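Source file: query-v5.txt (compact mmCIF, C-alpha atoms)
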```txt
# COMPACT_ATOMS: atom_id res chain seq x y z
CA MET A 585 0.00 0.00 0.00
CA ALA A 586 1.32 3.43 -0.92
CA MET A 587 2.85 5.45 1.88
CA GLN A 588 3.54 9.18 2.12
CA HIS A 589 5.29 10.88 5.04
CA GLY A 590 4.93 7.62 6.96
CA VAL A 591 1.11 7.75 6.96
CA ARG A 592 -1.12 5.17 5.33
CA ARG A 593 -2.84 6.55 2.25
CA GLY A 594 -5.56 3.93 1.90
CA PRO A 595 -8.62 3.36 4.08
CA GLY A 596 -7.82 3.62 7.76
CA PRO A 597 -9.24 1.75 10.72
CA GLY A 598 -11.74 4.46 11.55
CA VAL A 599 -14.64 6.14 9.81
CA VAL A 600 -12.33 8.07 7.43
CA PRO A 601 -8.88 7.35 6.00
CA LEU A 602 -5.82 9.07 7.47
CA ARG A 603 -5.23 11.34 4.47
CA PRO A 604 -6.71 14.53 3.01
CA LEU A 605 -10.44 13.93 2.70
CA GLY A 606 -12.76 14.55 -0.20
CA THR A 607 -16.29 15.79 0.32
CA SER A 608 -17.60 12.26 -0.24
CA ASP A 609 -15.16 10.95 2.40
CA ILE A 610 -16.47 13.47 4.92
CA LEU A 611 -20.18 12.88 4.29
CA GLY A 612 -19.65 9.12 4.04
CA GLY A 613 -17.61 9.12 7.23
CA ALA A 614 -20.37 10.99 9.06
CA LEU A 615 -22.91 8.37 7.93
CA ALA A 616 -20.52 5.53 8.81
CA ALA A 617 -20.06 6.94 12.31
CA LEU A 618 -23.78 6.67 13.09
CA PRO A 619 -24.04 2.87 13.39
CA ARG A 620 -20.56 2.61 14.89
CA TYR A 621 -20.73 5.35 17.52
CA GLY A 622 -24.38 6.39 17.54
CA GLY A 623 -25.20 4.35 20.65
CA PRO A 624 -22.53 5.82 22.96
CA LEU A 625 -23.04 9.28 21.46
CA CYS A 626 -26.81 9.33 22.01
CA GLY A 627 -26.37 7.74 25.43
CA ALA A 628 -23.94 10.45 26.53
CA LEU A 629 -26.19 13.19 25.14
CA LEU A 630 -29.23 11.74 26.88
CA LEU A 631 -27.38 11.51 30.21
CA GLY A 632 -26.33 15.15 29.90
CA GLN A 633 -29.85 16.20 28.96
CA LEU A 634 -31.28 14.36 31.96
CA MET A 635 -28.95 16.23 34.29
CA ALA A 636 -29.78 19.56 32.65
CA GLY A 637 -33.51 18.73 32.70
CA LEU A 638 -33.41 18.12 36.44
CA LEU A 639 -31.75 21.51 36.95
CA VAL A 640 -34.34 23.23 34.72
CA THR A 641 -37.22 21.62 36.61
CA ALA A 642 -35.68 22.51 39.97
CA ALA A 643 -35.17 26.14 38.90
CA ALA A 644 -38.73 26.52 37.64
CA GLY A 645 -40.13 24.91 40.77
CA ALA A 646 -38.01 27.08 43.05
CA ALA A 647 -39.16 30.21 41.25
CA THR A 648 -42.77 29.18 41.69
CA LEU A 649 -42.30 28.52 45.40
CA ALA A 650 -40.60 31.87 45.77
CA SER A 651 -43.52 33.77 44.22
CA LEU A 652 -45.20 36.27 46.47
CA SER A 653 -48.75 34.97 46.10
CA PRO A 654 -50.57 31.88 44.84
CA ALA A 655 -52.17 33.97 42.09
CA SER A 656 -48.79 34.92 40.62
CA GLY A 657 -47.30 31.47 41.03
CA SER A 658 -48.37 30.14 37.63
CA ARG A 659 -47.15 33.28 35.87
CA VAL A 660 -43.77 33.08 37.59
CA PHE A 661 -43.53 29.41 36.66
CA VAL A 662 -44.27 30.13 32.97
CA TRP A 663 -41.90 33.09 32.74
CA THR A 664 -39.18 31.00 34.39
CA LEU A 665 -39.84 27.92 32.32
CA PHE A 666 -39.40 29.59 28.94
CA PRO A 667 -35.87 30.95 29.62
CA ALA A 668 -34.97 27.67 31.31
CA ALA A 669 -36.15 25.73 28.25
CA ALA A 670 -34.10 28.04 26.00
CA LEU A 671 -31.02 27.43 28.15
CA PHE A 672 -31.71 23.70 27.97
CA LEU A 673 -31.75 23.80 24.16
CA LEU A 674 -28.55 25.86 24.07
CA PHE A 675 -26.91 23.40 26.44
CA THR A 676 -28.05 20.47 24.28
CA CYS A 677 -26.51 21.97 21.13
CA ALA A 678 -23.27 22.84 22.92
CA LEU A 679 -23.00 19.42 24.57
CA ALA A 680 -23.64 17.66 21.25
CA THR A 681 -20.81 19.63 19.64
CA ALA A 682 -18.48 18.97 22.56
CA LEU A 683 -19.28 15.25 22.35
CA ILE A 684 -18.45 15.22 18.64
CA ALA A 685 -15.19 17.06 19.33
CA VAL A 686 -14.01 14.48 21.86
CA LEU A 687 -15.26 11.64 19.62
CA LEU A 688 -13.21 12.74 16.61
CA ARG A 689 -9.90 11.21 17.66
CA PRO A 690 -11.21 7.72 18.55
CA ALA A 691 -13.55 7.75 15.53
CA VAL A 692 -10.71 8.54 13.12
CA LEU A 693 -8.52 5.88 14.76
CA GLY A 694 -11.35 3.33 14.96
CA ARG A 695 -11.23 2.87 18.74
CA PRO A 696 -14.20 2.05 20.98
CA VAL A 697 -15.78 4.58 23.33
CA THR A 698 -18.36 4.51 26.10
CA ALA A 699 -21.16 6.94 26.88
CA PRO A 700 -19.85 7.81 30.38
CA GLY A 701 -16.34 8.33 29.00
CA LEU A 702 -17.59 10.65 26.28
CA LEU A 703 -19.68 12.62 28.76
CA ARG A 704 -16.84 13.00 31.25
CA ALA A 705 -14.57 14.32 28.52
CA ALA A 706 -17.17 16.62 26.95
CA LEU A 707 -18.72 18.34 29.96
CA PRO A 708 -15.67 20.47 30.88
CA ARG A 709 -15.46 21.69 27.28
CA THR A 710 -19.15 22.51 26.90
CA PRO A 711 -19.00 26.11 28.26
CA ALA A 712 -16.27 27.07 25.78
CA VAL A 713 -18.19 25.41 22.94
CA LEU A 714 -21.36 27.25 23.93
CA GLY A 715 -19.47 30.52 24.04
CA ALA A 716 -18.07 29.90 20.55
CA GLN A 717 -21.53 29.03 19.20
CA LEU A 718 -23.14 32.14 20.69
CA LEU A 719 -20.31 34.42 19.56
CA ALA A 720 -20.44 33.02 16.02
CA LEU A 721 -24.23 33.45 15.96
CA LEU A 722 -23.99 36.99 17.32
CA THR A 723 -21.33 37.94 14.78
CA GLY A 724 -23.34 36.71 11.80
CA ALA A 725 -26.98 37.15 12.76
CA GLY A 726 -26.63 39.96 15.30
CA PRO A 727 -26.71 42.99 12.96
CA PRO A 728 -29.77 41.84 10.92
CA ALA A 729 -31.61 40.84 14.09
CA ALA A 730 -30.80 44.19 15.71
CA LEU A 731 -32.15 46.10 12.71
CA LEU A 732 -35.36 44.09 12.72
CA ALA A 733 -35.74 44.65 16.46
CA LEU A 734 -35.36 48.39 15.91
CA GLY A 735 -38.22 48.35 13.42
CA ALA A 736 -36.32 48.36 10.14
CA PRO A 737 -38.32 46.93 7.21
CA ALA A 738 -37.32 43.51 5.97
CA PRO A 739 -36.03 44.78 2.57
CA ALA A 740 -33.51 46.95 4.41
CA VAL A 741 -32.08 43.86 6.09
CA LEU A 742 -31.72 41.78 2.92
CA PRO A 743 -28.29 43.22 1.93
CA LEU A 744 -26.90 41.99 5.26
CA LEU A 745 -27.95 38.37 4.70
CA PRO A 746 -25.05 37.46 2.35
CA VAL A 747 -22.63 38.91 4.90
CA ALA A 748 -24.30 36.88 7.66
CA LEU A 749 -24.00 33.72 5.55
CA TRP A 750 -20.35 34.42 4.77
CA LEU A 751 -19.53 34.93 8.45
CA GLY A 752 -21.56 31.89 9.48
CA VAL A 753 -19.58 29.62 7.16
CA ARG A 754 -16.28 31.31 8.07
CA TYR A 755 -16.87 30.52 11.76
CA ALA A 756 -18.55 27.13 11.26
CA LEU A 757 -15.55 25.24 12.64
CA ALA A 758 -15.19 27.40 15.77
CA PRO A 759 -17.28 25.20 18.12
CA THR A 760 -15.37 22.07 17.06
CA ALA A 761 -12.05 23.86 17.55
CA ALA A 762 -13.16 25.01 21.00
CA GLY A 763 -14.08 21.44 21.97
CA TYR A 764 -11.15 19.62 20.36
CA GLU A 765 -8.38 22.03 21.34
CA GLY A 766 -9.86 23.54 24.50
CA LEU A 767 -9.82 27.08 23.07
CA GLY A 768 -11.73 30.08 24.35
CA PRO A 769 -14.58 31.45 22.21
CA VAL A 770 -12.67 34.35 20.61
CA THR A 771 -9.61 32.21 19.90
CA ALA A 772 -11.85 29.49 18.46
CA LEU A 773 -13.40 31.96 15.99
CA ARG A 774 -9.94 33.06 14.85
CA ARG A 775 -8.93 29.42 14.54
CA SER A 776 -11.98 28.65 12.40
CA ALA A 777 -11.27 31.61 10.14
CA ARG A 778 -7.73 30.33 9.54
CA LEU A 779 -8.87 26.75 8.88
CA ALA A 780 -11.65 27.84 6.51
CA ARG A 781 -9.43 30.23 4.56
CA GLY A 782 -9.49 29.22 0.91
CA ALA A 783 -12.20 26.61 1.53
CA TRP A 784 -15.34 28.71 2.07
CA TRP A 785 -17.39 27.01 -0.64
CA ARG A 786 -16.23 23.57 0.45
CA THR A 787 -17.17 24.33 4.04
CA LEU A 788 -20.63 25.37 2.88
CA ALA A 789 -20.96 22.24 0.72
CA VAL A 790 -20.15 20.02 3.70
CA THR A 791 -22.15 21.74 6.45
CA ALA A 792 -25.28 22.83 4.57
CA PRO A 793 -26.49 19.32 3.56
CA ALA A 794 -26.09 18.12 7.15
CA VAL A 795 -28.19 21.01 8.45
CA VAL A 796 -30.86 20.45 5.79
CA PHE A 797 -30.96 16.71 6.49
CA THR A 798 -31.25 17.28 10.23
CA GLY A 799 -34.07 19.80 9.81
CA ALA A 800 -35.96 17.50 7.45
CA ALA A 801 -35.51 14.51 9.77
CA GLY A 802 -36.71 16.52 12.78
CA TRP A 803 -39.78 17.75 10.88
CA ALA A 804 -40.57 14.20 9.74
CA LEU A 805 -40.29 12.80 13.27
CA LEU A 806 -42.57 15.55 14.56
CA GLN A 807 -45.15 14.95 11.82
CA TRP A 808 -45.14 11.17 12.10
CA PHE A 809 -44.90 10.71 15.85
CA GLY A 810 -45.96 14.04 17.41
CA LEU A 811 -44.48 14.89 20.79
CA PRO A 812 -42.62 11.54 21.14
CA GLY A 813 -41.06 12.19 17.75
CA ALA A 814 -39.99 15.68 18.82
CA LEU A 815 -38.40 14.26 21.96
CA ALA A 816 -36.65 11.59 19.92
CA ALA A 817 -35.34 14.24 17.53
CA LEU A 818 -33.97 16.21 20.50
CA VAL A 819 -31.88 13.18 21.48
CA LEU A 820 -30.98 11.71 18.10
CA LEU A 821 -30.37 14.71 15.86
CA PRO A 822 -28.42 17.54 17.56
CA ALA A 823 -25.06 15.84 17.10
CA PHE A 824 -25.41 14.92 13.41
CA PRO A 825 -24.72 18.37 11.85
CA GLN A 826 -21.53 18.53 13.89
CA LEU A 827 -20.18 15.24 12.52
CA PRO A 828 -19.44 16.53 8.99
CA ALA A 829 -18.15 19.81 10.45
CA GLY A 830 -15.87 17.85 12.78
CA LEU A 831 -14.53 15.68 9.97
CA LEU A 832 -13.98 18.79 7.84
CA TYR A 833 -12.02 20.25 10.76
CA VAL A 834 -9.90 17.06 10.75
CA ASP A 835 -9.38 17.38 6.99
CA ARG A 836 -8.26 21.00 7.19
CA ARG A 837 -5.74 20.11 9.90
CA ILE A 838 -4.52 17.07 7.94
CA ARG A 839 -3.93 19.26 4.90
CA HIS A 840 -2.18 22.12 6.68
CA GLU A 841 -0.93 20.89 10.06
CA HIS A 842 0.03 17.20 9.52
CA LEU A 843 -2.68 15.98 11.88
CA ALA A 844 -2.64 12.53 10.25
CA GLU A 845 0.99 11.99 11.24
CA ALA A 846 0.28 13.24 14.74
CA LEU A 847 -2.65 10.85 15.16
CA ALA A 848 -0.82 7.89 13.64
CA THR A 849 2.17 8.28 15.96
CA ASP A 850 0.37 9.49 19.11
CA PRO A 851 1.30 7.07 21.92
CA ARG A 852 -1.68 8.01 24.12
CA PRO A 853 -4.74 5.79 24.33
CA ALA A 854 -7.20 6.71 21.60
CA GLY A 855 -10.22 7.23 23.86
CA PRO A 856 -11.63 10.70 24.58
CA ALA A 857 -8.92 12.82 26.15
```
Spit out the file's structure as structure tokens when you get a sec.
Amino acid sequence: MAMQHGVRRGPGPGVVPLRPLGTSDILGGALAALPRYGGPLCGALLLGQLMAGLLVTAAAGAATLASLSPASGSRVFVWTLFPAAALFLLFTCALATALIAVLLRPAVLGRPVTAPGLLRAALPRTPAVLGAQLLALLTGAGPPAALLALGAPAPAVLPLLPVALWLGVRYALAPTAAGYEGLGPVTALRRSARLARGAWWRTLAVTAPAVVFTGAAGWALLQWFGLPGALAALVLLPAFPQLPAGLLYVDRRIRHEHLAEALATDPRPAGPA
């Protein structure tokens, strides 16, 4: 089998080969990771969601108990529950991305993982991932949203949408970088901009189909199964858009930073670090 720089060029033991990846390699590797790592991944995400759900329920209940009168109790509960639910969804997205980030190394090397191991590795990285996600969203969608909030007509916001899309793709790898490398949010955005330089269209071609597929699958589960389908989508789908983005992150580092050689010669165990 052909060798280059001491790294195997053919198919590797994991979900993708240890070489620069084509778009088909990335999308195929994301699909191949589902049957291989979907169980531990969904298990870890569900465990994290259960912990967060208990905190959300406790916060809403405490706010209700702290209300000044029985008449205002239900209103306090509702106005507490909505922000708590929003925080729960943000936490779910951030945890899913952090789980993918810590799964990348064992998935590329073809090593087994466990749900508790993934969760233990991902939880400390979740705040930085969440910060990177929020900062990337604020950078791209903040100006159009601010104009709409100030009462600007929709046509006035349209010229900003291409800029928002360009920034969104430019910073698409920031959450993965924050989770994989332990970077802060601002540093992760700069890291994503460097990795995506010269590959904007390729980044869009990899990430957009995953987002579309996830949205379509979530809508289908909701339509077919109602509330149980929505709950299933909340557990099964948040991590999938991050899989292609994570493998694209691996590809960009293989191409420019010799990540394949580093992984092939890394003496550490290949589980989540």
Could you please determine the separation between CA of Gly622 (chain A) and CA of Ala699 (chain A) in Å, to one decimal place?
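Between these atoms lies a distance of 9.9 Å.
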Report as a list in words all protein, DNA and RNA residues lying within 10 Å of Ala685 (chain A), evaluated on only C-alpha atoms, omitting residues in the same chain fewer than 6 positions from it.
Leu679, Leu702, Ala705, Ala706, Arg709, Val713, Pro759, Thr760, Ala761, Ala762, Gly763, Tyr764, Glu765, Gly766, Gln826, Leu827, Ala829, Gly830, Leu831, Tyr833 and Pro856 of chain A
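Rounded to one decimal, CA of Leu707 (chain A) and CA of Gly627 (chain A) lie 13.8 Å from each other.
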Separation of CA of Ala725 (chain A) and CA of Trp750 (chain A), in Å?
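CA of Ala725 (chain A) sits 10.7 Å away from CA of Trp750 (chain A).
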Which residues are near Arg704 (chain A)? Cut-off 12 Å, all atoms listed in the file, ignore same chain within fewer than 3 positions. Put them as a ChimeraX atom specification.
/A:628-629,631-632,679,682-683,686-687,697-701,707-710,855-857
Distance query 10 Å from (-35.1, 17.7, 12.8) using all atoms listed in the file, result as a PDB file with C-alpha atoms, in the coordinates of the input:
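File written: selection-v6.pdb
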```pdb
ATOM      1  CA  VAL A 795     -28.190  21.010   8.450  1.00  0.00           C
ATOM      2  CA  VAL A 796     -30.860  20.450   5.790  1.00  0.00           C
ATOM      3  CA  PHE A 797     -30.960  16.710   6.490  1.00  0.00           C
ATOM      4  CA  THR A 798     -31.250  17.280  10.230  1.00  0.00           C
ATOM      5  CA  GLY A 799     -34.070  19.800   9.810  1.00  0.00           C
ATOM      6  CA  ALA A 800     -35.960  17.500   7.450  1.00  0.00           C
ATOM      7  CA  ALA A 801     -35.510  14.510   9.770  1.00  0.00           C
ATOM      8  CA  GLY A 802     -36.710  16.520  12.780  1.00  0.00           C
ATOM      9  CA  TRP A 803     -39.780  17.750  10.880  1.00  0.00           C
ATOM     10  CA  ALA A 804     -40.570  14.200   9.740  1.00  0.00           C
ATOM     11  CA  LEU A 805     -40.290  12.800  13.270  1.00  0.00           C
ATOM     12  CA  LEU A 806     -42.570  15.550  14.560  1.00  0.00           C
ATOM     13  CA  GLY A 813     -41.060  12.190  17.750  1.00  0.00           C
ATOM     14  CA  ALA A 814     -39.990  15.680  18.820  1.00  0.00           C
ATOM     15  CA  ALA A 816     -36.650  11.590  19.920  1.00  0.00           C
ATOM     16  CA  ALA A 817     -35.340  14.240  17.530  1.00  0.00           C
ATOM     17  CA  LEU A 818     -33.970  16.210  20.500  1.00  0.00           C
ATOM     18  CA  LEU A 820     -30.980  11.710  18.100  1.00  0.00           C
ATOM     19  CA  LEU A 821     -30.370  14.710  15.860  1.00  0.00           C
ATOM     20  CA  PRO A 822     -28.420  17.540  17.560  1.00  0.00           C
TER      21      PRO A 822
END
```
Gly606 (chain A) surroundings by only C-alpha atoms, 12 Å radius, close-in-sequence under 3 positions cut, as a list of chain:residue names:
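What passes the distance filter is A:Val600, A:Pro601, A:Leu602, A:Arg603, A:Asp609, A:Ile610, A:Leu611, A:Gly612, A:Gly613, A:Arg786, A:Thr787, A:Ala789, A:Val790, A:Pro828, A:Leu831, A:Leu832, A:Val834, A:Asp835, A:Arg836, A:Ile838, A:Arg839.
Shortest separation to Leu693 (chain A) among A:Arg837, A:Gly598, A:Ser608, A:Pro793 occurs at residue A:Gly598, atoms counted being only C-alpha atoms.
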With all atoms listed in the file as the atoms that count, which of A:Pro812, A:Pro696, A:Gly637, A:Pro743 lies nearest to Ala670 (chain A)?
A:Gly637
Point out the residue among A:Ala646, A:Leu605, A:Ala756, A:Ile684 with the least atom-to-atom distance to Pro624 (chain A), counting all atoms listed in the file.
A:Ile684
Report as AutoDock Vina command-line options the centre and the edge lengths, in Å to one decimal, of the axis-aligned box holding every listed atom of region 809-822 of chain A, padded by 5 Å on each side.
```
--center_x -37.2 --center_y 14.1 --center_z 18.9 --size_x 27.5 --size_y 16.8 --size_z 16.1
```
So which one's closest to Leu722 (chain A), A:Ala680, A:Leu742, A:Leu773, A:Ala616? Using only C-alpha atoms, please.
A:Leu773
For Ala729 (chain A): contacts at 12 Å, only C-alpha atoms, fewer than 6 positions along chain excluded, given as number ranges by chain
A: 721-723, 735-738, 740-742, 744-745, 748
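Counting all atoms listed in the file, the residue from A:Pro597, A:Ala691, A:Pro667, A:Leu719 that sits nearest to Leu618 (chain A) is A:Ala691.
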